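Quick look at start.txt (compact mmCIF, C-alpha atoms):
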```txt
# COMPACT_ATOMS: atom_id res chain seq x y z
CA MET A 1 0.00 0.00 0.00
CA VAL A 2 1.20 3.48 -0.79
CA PRO A 3 1.94 5.46 2.40
CA LEU A 4 0.46 8.86 2.98
CA PRO A 5 3.60 11.03 2.53
CA PHE A 6 3.80 9.91 -1.12
CA TYR A 7 0.48 11.57 -1.89
CA LEU A 8 1.42 14.66 0.10
CA VAL A 9 4.74 15.12 -1.66
CA LEU A 10 3.04 14.69 -5.05
CA SER A 11 0.55 17.35 -4.01
CA ALA A 12 3.43 19.63 -2.98
CA ILE A 13 5.11 19.14 -6.36
CA LEU A 14 1.92 19.96 -8.26
CA PHE A 15 1.31 23.00 -6.05
CA THR A 16 4.84 24.26 -6.71
CA ILE A 17 4.40 23.81 -10.46
CA GLY A 18 1.15 25.79 -10.23
CA VAL A 19 2.86 28.59 -8.32
CA ALA A 20 5.65 28.67 -10.91
CA GLY A 21 3.04 28.98 -13.64
CA VAL A 22 1.23 31.80 -11.90
CA LEU A 23 4.44 33.74 -11.30
CA THR A 24 6.11 33.36 -14.67
CA ARG A 25 3.47 33.22 -17.40
CA ARG A 26 2.26 36.41 -19.10
CA ASN A 27 -1.03 35.14 -20.49
CA ALA A 28 -3.87 35.69 -18.03
CA ILE A 29 -5.67 32.50 -19.11
CA ILE A 30 -2.58 30.40 -18.38
CA VAL A 31 -2.34 32.08 -14.98
CA PHE A 32 -5.90 30.95 -14.31
CA LEU A 33 -5.11 27.40 -15.45
CA SER A 34 -2.13 27.27 -13.08
CA LEU A 35 -4.41 28.50 -10.32
CA GLU A 36 -6.76 25.59 -11.02
CA LEU A 37 -3.76 23.25 -10.79
CA MET A 38 -2.98 24.64 -7.33
CA LEU A 39 -6.57 24.06 -6.22
CA ASN A 40 -6.41 20.50 -7.50
CA SER A 41 -3.24 19.78 -5.57
CA ALA A 42 -5.00 20.94 -2.40
CA ASN A 43 -7.90 18.63 -3.30
CA LEU A 44 -5.46 15.73 -3.57
CA THR A 45 -4.15 16.47 -0.08
CA LEU A 46 -7.69 16.58 1.31
CA VAL A 47 -8.72 13.29 -0.30
CA ALA A 48 -5.49 11.58 0.82
CA PHE A 49 -6.03 12.63 4.44
CA SER A 50 -9.69 11.64 4.24
CA ALA A 51 -8.73 8.14 3.12
CA PHE A 52 -5.98 7.67 5.68
CA LEU A 53 -7.89 9.04 8.66
CA GLY A 54 -11.23 7.44 7.86
CA ASP A 55 -13.16 10.71 7.91
CA ALA A 56 -15.54 11.81 5.20
CA THR A 57 -15.07 15.48 6.04
CA GLY A 58 -12.10 15.76 3.68
CA GLN A 59 -14.11 14.65 0.70
CA VAL A 60 -17.02 16.94 1.59
CA LEU A 61 -14.55 19.81 1.70
CA VAL A 62 -13.25 18.77 -1.74
CA PHE A 63 -16.82 19.02 -3.00
CA PHE A 64 -17.00 22.58 -1.72
CA VAL A 65 -13.57 23.48 -3.12
CA ILE A 66 -14.64 22.27 -6.58
CA ALA A 67 -17.83 24.36 -6.37
CA VAL A 68 -15.89 27.44 -5.27
CA ALA A 69 -13.35 26.88 -8.06
CA ALA A 70 -16.17 26.77 -10.59
CA ALA A 71 -17.62 30.04 -9.31
CA GLU A 72 -14.22 31.71 -9.25
CA ALA A 73 -13.40 30.52 -12.76
CA ALA A 74 -16.66 31.92 -14.10
CA VAL A 75 -16.19 35.35 -12.54
CA GLY A 76 -12.47 35.47 -13.41
CA LEU A 77 -13.13 34.65 -17.03
CA ALA A 78 -15.86 37.30 -17.17
CA ILE A 79 -13.31 39.81 -15.90
CA ILE A 80 -10.83 38.70 -18.56
CA ILE A 81 -13.47 39.12 -21.26
CA ALA A 82 -14.32 42.62 -20.03
CA LEU A 83 -10.59 43.42 -19.93
CA PHE A 84 -10.05 42.12 -23.44
CA ARG A 85 -12.92 44.20 -24.69
CA ASN A 86 -11.21 47.34 -23.47
CA LYS A 87 -7.56 46.69 -24.14
CA GLN A 88 -7.54 43.96 -26.80
CA THR A 89 -4.91 42.01 -24.89
CA VAL A 90 -4.66 39.39 -22.13
CA ASN A 91 -0.96 39.92 -21.57
CA VAL A 92 -0.66 40.84 -17.92
CA ASP A 93 2.41 42.96 -18.58
CA GLU A 94 0.41 45.38 -20.69
CA ILE A 95 -2.31 45.95 -18.12
CA ASN A 96 -0.50 48.67 -16.24
CA ILE A 97 -2.61 51.83 -16.37
CA MET A 98 -2.81 51.87 -12.58
CA LYS A 99 0.95 51.83 -12.18
CA TRP A 100 2.45 55.03 -11.01
CA MET B 1 8.03 -2.83 -5.33
CA SER B 2 4.42 -3.84 -5.05
CA LEU B 3 1.91 -3.27 -7.79
CA ASP B 4 0.34 -0.43 -5.81
CA THR B 5 3.60 1.49 -5.67
CA VAL B 6 4.33 0.93 -9.36
CA PHE B 7 0.88 2.13 -10.33
CA PHE B 8 1.13 5.15 -8.09
CA SER B 9 4.58 6.01 -9.45
CA LEU B 10 3.30 5.89 -13.01
CA LEU B 11 0.33 8.10 -12.16
CA ALA B 12 2.45 10.55 -10.19
CA LEU B 13 5.07 10.82 -12.92
CA SER B 14 2.45 11.34 -15.62
CA SER B 15 0.62 14.01 -13.64
CA VAL B 16 3.85 15.90 -12.93
CA VAL B 17 4.87 15.68 -16.60
CA THR B 18 1.49 16.94 -17.83
CA ALA B 19 1.56 19.74 -15.26
CA LEU B 20 5.02 20.83 -16.44
CA LEU B 21 3.92 20.69 -20.06
CA MET B 22 0.86 22.74 -19.20
CA VAL B 23 2.89 25.47 -17.55
CA THR B 24 5.51 25.74 -20.28
CA HIS B 25 3.55 25.41 -23.52
CA ARG B 26 3.05 28.51 -25.64
CA ASN B 27 -0.34 27.76 -27.11
CA PRO B 28 -3.13 28.22 -24.53
CA VAL B 29 -5.32 25.51 -26.10
CA MET B 30 -2.54 22.93 -25.74
CA SER B 31 -1.97 24.06 -22.16
CA LEU B 32 -5.64 23.48 -21.47
CA LEU B 33 -5.53 19.99 -23.00
CA TYR B 34 -2.54 19.07 -20.85
CA LEU B 35 -4.43 20.31 -17.79
CA ILE B 36 -7.44 18.17 -18.73
CA ALA B 37 -5.10 15.16 -18.98
CA ASN B 38 -3.76 16.08 -15.54
CA PHE B 39 -7.31 16.17 -14.17
CA PHE B 40 -8.02 12.71 -15.53
CA LEU B 41 -4.86 11.38 -13.90
CA LEU B 42 -5.84 13.02 -10.63
CA ALA B 43 -9.26 11.38 -10.87
CA VAL B 44 -7.53 7.98 -11.17
CA LEU B 45 -5.46 8.91 -8.11
CA TYR B 46 -8.68 9.65 -6.23
CA LEU B 47 -9.91 6.19 -7.26
CA THR B 48 -6.81 4.59 -5.75
CA LEU B 49 -7.78 6.37 -2.52
CA GLN B 50 -11.29 4.89 -2.85
CA ALA B 51 -12.92 8.31 -3.25
CA GLN B 52 -15.32 7.29 -6.00
CA PHE B 53 -17.71 10.22 -5.76
CA ILE B 54 -14.97 12.83 -5.84
CA ALA B 55 -13.27 11.14 -8.79
CA ILE B 56 -16.44 11.23 -10.88
CA ILE B 57 -17.24 14.78 -9.77
CA GLN B 58 -13.71 15.82 -10.77
CA ILE B 59 -14.20 14.47 -14.29
CA LEU B 60 -17.75 15.79 -14.68
CA VAL B 61 -17.35 19.23 -13.15
CA TYR B 62 -13.68 20.14 -13.42
CA ALA B 63 -12.67 18.52 -16.68
CA GLY B 64 -16.11 18.61 -18.21
CA ALA B 65 -17.50 22.00 -17.26
CA ILE B 66 -14.82 24.36 -15.98
CA MET B 67 -12.29 23.47 -18.65
CA VAL B 68 -14.93 23.75 -21.34
CA LEU B 69 -15.69 27.23 -20.02
CA PHE B 70 -12.00 28.09 -20.33
CA LEU B 71 -12.01 26.72 -23.86
CA PHE B 72 -15.02 28.86 -24.75
CA VAL B 73 -13.23 31.97 -23.54
CA ILE B 74 -10.00 31.07 -25.38
CA MET B 75 -11.92 30.51 -28.59
CA LEU B 76 -14.01 33.65 -28.08
CA LEU B 77 -10.97 35.85 -27.65
CA LYS B 78 -9.16 34.08 -30.50
CA LEU B 79 -5.96 33.84 -28.50
CA GLY B 80 -3.08 32.63 -30.58
CA ASP B 81 0.34 31.54 -29.49
CA GLU B 82 1.85 33.60 -26.76
CA GLN B 83 4.36 35.85 -28.44
CA GLN B 84 7.89 36.18 -27.18
CA ILE B 85 8.16 33.60 -24.47
CA GLN B 86 11.15 35.34 -23.04
CA GLU B 87 13.93 32.84 -23.29
CA LYS B 88 16.33 35.12 -21.47
CA LEU B 89 16.69 34.42 -17.79
CA SER B 90 15.22 37.58 -16.34
CA VAL B 91 15.54 38.48 -12.68
CA LYS B 92 11.82 37.89 -12.19
CA LYS B 93 12.07 34.28 -13.34
CA VAL B 94 15.08 33.59 -11.13
CA ILE B 95 13.31 34.99 -8.09
CA ALA B 96 10.15 33.03 -8.96
CA GLY B 97 12.19 29.84 -9.33
CA GLY B 98 13.95 30.42 -6.03
CA LEU B 99 10.65 31.06 -4.23
CA CYS B 100 9.16 27.89 -5.72
CA LEU B 101 12.14 25.81 -4.65
CA ALA B 102 12.01 27.21 -1.12
CA MET B 103 8.29 26.56 -0.87
CA PHE B 104 8.68 23.02 -2.19
CA ALA B 105 11.50 22.34 0.28
CA GLU B 106 9.34 23.51 3.16
CA LEU B 107 6.28 21.55 2.03
CA GLY B 108 8.31 18.41 1.35
CA LEU B 109 9.93 18.58 4.75
CA ALA B 110 6.60 19.10 6.48
CA PHE B 111 4.99 16.22 4.64
CA SER B 112 7.81 13.71 4.92
CA ILE B 113 8.00 13.81 8.70
CA SER B 114 5.20 11.47 9.69
CA GLU B 115 5.33 10.16 13.21
CA ASN B 116 1.85 8.72 13.07
CA HIS B 117 2.23 5.01 12.45
CA ALA B 118 -1.28 4.80 11.05
CA SER B 119 -0.27 6.73 7.96
CA SER B 120 1.19 3.70 6.21
CA ILE B 121 -2.05 2.01 5.30
CA VAL B 122 -5.35 3.32 4.14
CA HIS B 123 -8.01 3.38 6.82
CA PRO B 124 -10.13 0.22 6.74
CA ARG B 125 -13.33 2.26 6.61
CA SER B 126 -12.29 4.25 3.57
CA GLU B 127 -14.09 1.96 1.15
CA GLU B 128 -17.50 2.97 2.40
CA LEU B 129 -16.42 6.58 2.94
CA GLY B 130 -16.06 7.40 -0.71
CA THR B 131 -19.51 6.36 -1.80
CA VAL B 132 -22.22 8.79 -2.83
CA GLU B 133 -24.36 7.68 0.10
CA THR B 134 -21.83 8.55 2.78
CA ILE B 135 -20.84 11.87 1.25
CA GLY B 136 -24.49 12.72 0.68
CA ARG B 137 -25.46 11.86 4.22
CA SER B 138 -22.62 13.98 5.57
CA LEU B 139 -23.46 16.80 3.19
CA PHE B 140 -27.14 16.99 4.05
CA THR B 141 -26.94 16.54 7.80
CA ARG B 142 -23.74 17.86 9.25
CA TYR B 143 -22.69 20.26 6.50
CA VAL B 144 -26.06 21.48 5.30
CA PHE B 145 -25.28 25.11 6.12
CA PRO B 146 -22.18 25.30 3.89
CA PHE B 147 -24.16 23.44 1.26
CA GLU B 148 -26.84 26.13 1.20
CA ALA B 149 -24.18 28.84 1.36
CA ILE B 150 -22.51 27.34 -1.73
CA SER B 151 -25.77 27.68 -3.65
CA VAL B 152 -25.90 31.38 -2.74
CA LEU B 153 -22.25 31.70 -3.81
CA LEU B 154 -22.99 30.11 -7.16
CA LEU B 155 -25.92 32.48 -7.65
CA ALA B 156 -23.65 35.44 -6.88
CA ALA B 157 -21.07 34.09 -9.33
CA ILE B 158 -23.67 33.73 -12.09
CA VAL B 159 -24.99 37.25 -11.58
CA GLY B 160 -21.47 38.65 -11.40
CA ALA B 161 -20.30 36.87 -14.52
CA ILE B 162 -23.30 38.05 -16.54
CA VAL B 163 -23.00 41.65 -15.36
CA LEU B 164 -19.26 41.78 -16.00
CA ALA B 165 -19.28 40.26 -19.43
CA LYS B 166 -22.28 41.79 -21.10
CA LYS B 167 -21.97 44.59 -23.59
CA ARG B 168 -22.92 48.02 -22.47
CA PHE B 169 -25.74 49.41 -24.55
CA HIS B 170 -25.43 53.17 -24.46
```

Structure re-expressed in structure tokens:
Amino acid sequence: MVPLPFYLVLSAILFTIGVAGVLTRRNAIIVFLSLELMLNSANLTLVAFSAFLGDATGQVLVFFVIAVAAAEAAVGLAIIIALFRNKQTVNVDEINIMKW
Amino acid sequence: MSLDTVFFSLLALSSVVTALLMVTHRNPVMSLLYLIANFFLLAVLYLTLQAQFIAIIQILVYAGAIMVLFLFVIMLLKLGDEQQIQEKLSVKKVIAGGLCLAMFAELGLAFSISENHASSIVHPRSEELGTVETIGRSLFTRYVFPFEAISVLLLAAIVGAIVLAKKRFH
């Protein structure tokens, strides 16, 4: 049987890859996709703990995290569409009119 | 090297590879497809942890609805390849890489130290924990308040998305 730290380290690796994607990519859509990867790595941690501790609370929380991720993706993509309508770009480097 | 460990290693390696490909690819549609592959691999990982409901929900909702929404937006905005992936090693990328390595070191250290001897085997009750019945019972009795709150959140998200994305008719 696979011990628990294996799942946790895999989740840490995926989370780190997601953070690297959020920090380095210039396309706003790819930033959102990396954010979804981070949320999924947290889901993996929750499900792993739920299986190893015998508590269903972890999986119920995963259900809520997936619902929240869906809501956040919808609103975030609406913001990106509104942004694109005004500036014709999704490159986060070019969205700098509030810089001083 | 039992069959469980081999299977888990294959799944873990594939999910890390697809995640890396997702983060580094230039075309946003290909990135999205790699992320969908990653979600399918994660769903299989949930199945190895006997979380059947969450695995199916992951495929239906995450890979089937949220990613399709992303695809709609990518196609709507007609986003092509990301121009000038800066190949030069800028200071920002070095700092980002350093931060990621530090965070991974801290997380790996925290997760590898397990003094609880029960963390070597899956809990014997986990087979019946992953079913729809158990999750549903827990969701509608003990966690009914967050469940109703989530429905209000989804309503707020729908209203917000429509208001933000509609054209202004002057």

What lies within 10 Å of Glu127 of chain B using all atoms listed in the file, ignoring chain neighbours under 6 positions off, as a ChimeraX atom specification? /A:51,54 /B:49-52

What residues in chain A lie within 7 Å of chain B, counting only C-alpha atoms, written as a PyMOL selection string? chain A and resi 1-5+8-10+12-14+16-17+19-21+23-24+30+34+47-48+51-54+56+59-60+70-71+74-75+78-79+81-82

Report, in Å to a single decimal, how far apart atom CA of Thr18 of chain B and atom CA of Gly80 of chain B are. 20.7 Å

Can you tell me how far atom CA of Ala63 of chain B sits from atom CA of Thr89 of chain A, in Å to one decimal?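 Distance reported for this atom pair: 26.1 Å.
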
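We find atom CA of Asn86 of chain A and atom CA of Ser90 of chain B to be spaced 29.1 Å apart.
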
Would you mind telling me which residue in B:Ala149, B:Val44, B:Leu10, B:Ile36 lies nearest to Ala67 of chain A when using all atoms listed in the file?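 Distance minimum relative to Ala67 of chain A lands on B:Ala149.
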
Near Val90 of chain A, counting only C-alpha atoms, which residues have an atom at most 7 Å away, once you skip same-chain residues fewer than 2 positions from it, shown as a ChimeraX atom specification? /A:27-28,84,92

Which residue is closest to Arg85 of chain A? Choose from B:Glu148, B:Ala37, B:Arg168, B:Phe140 and count all atoms listed in the file.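 Ranking B:Glu148, B:Ala37, B:Arg168, B:Phe140 by distance to Arg85 of chain A, first place goes to B:Arg168.
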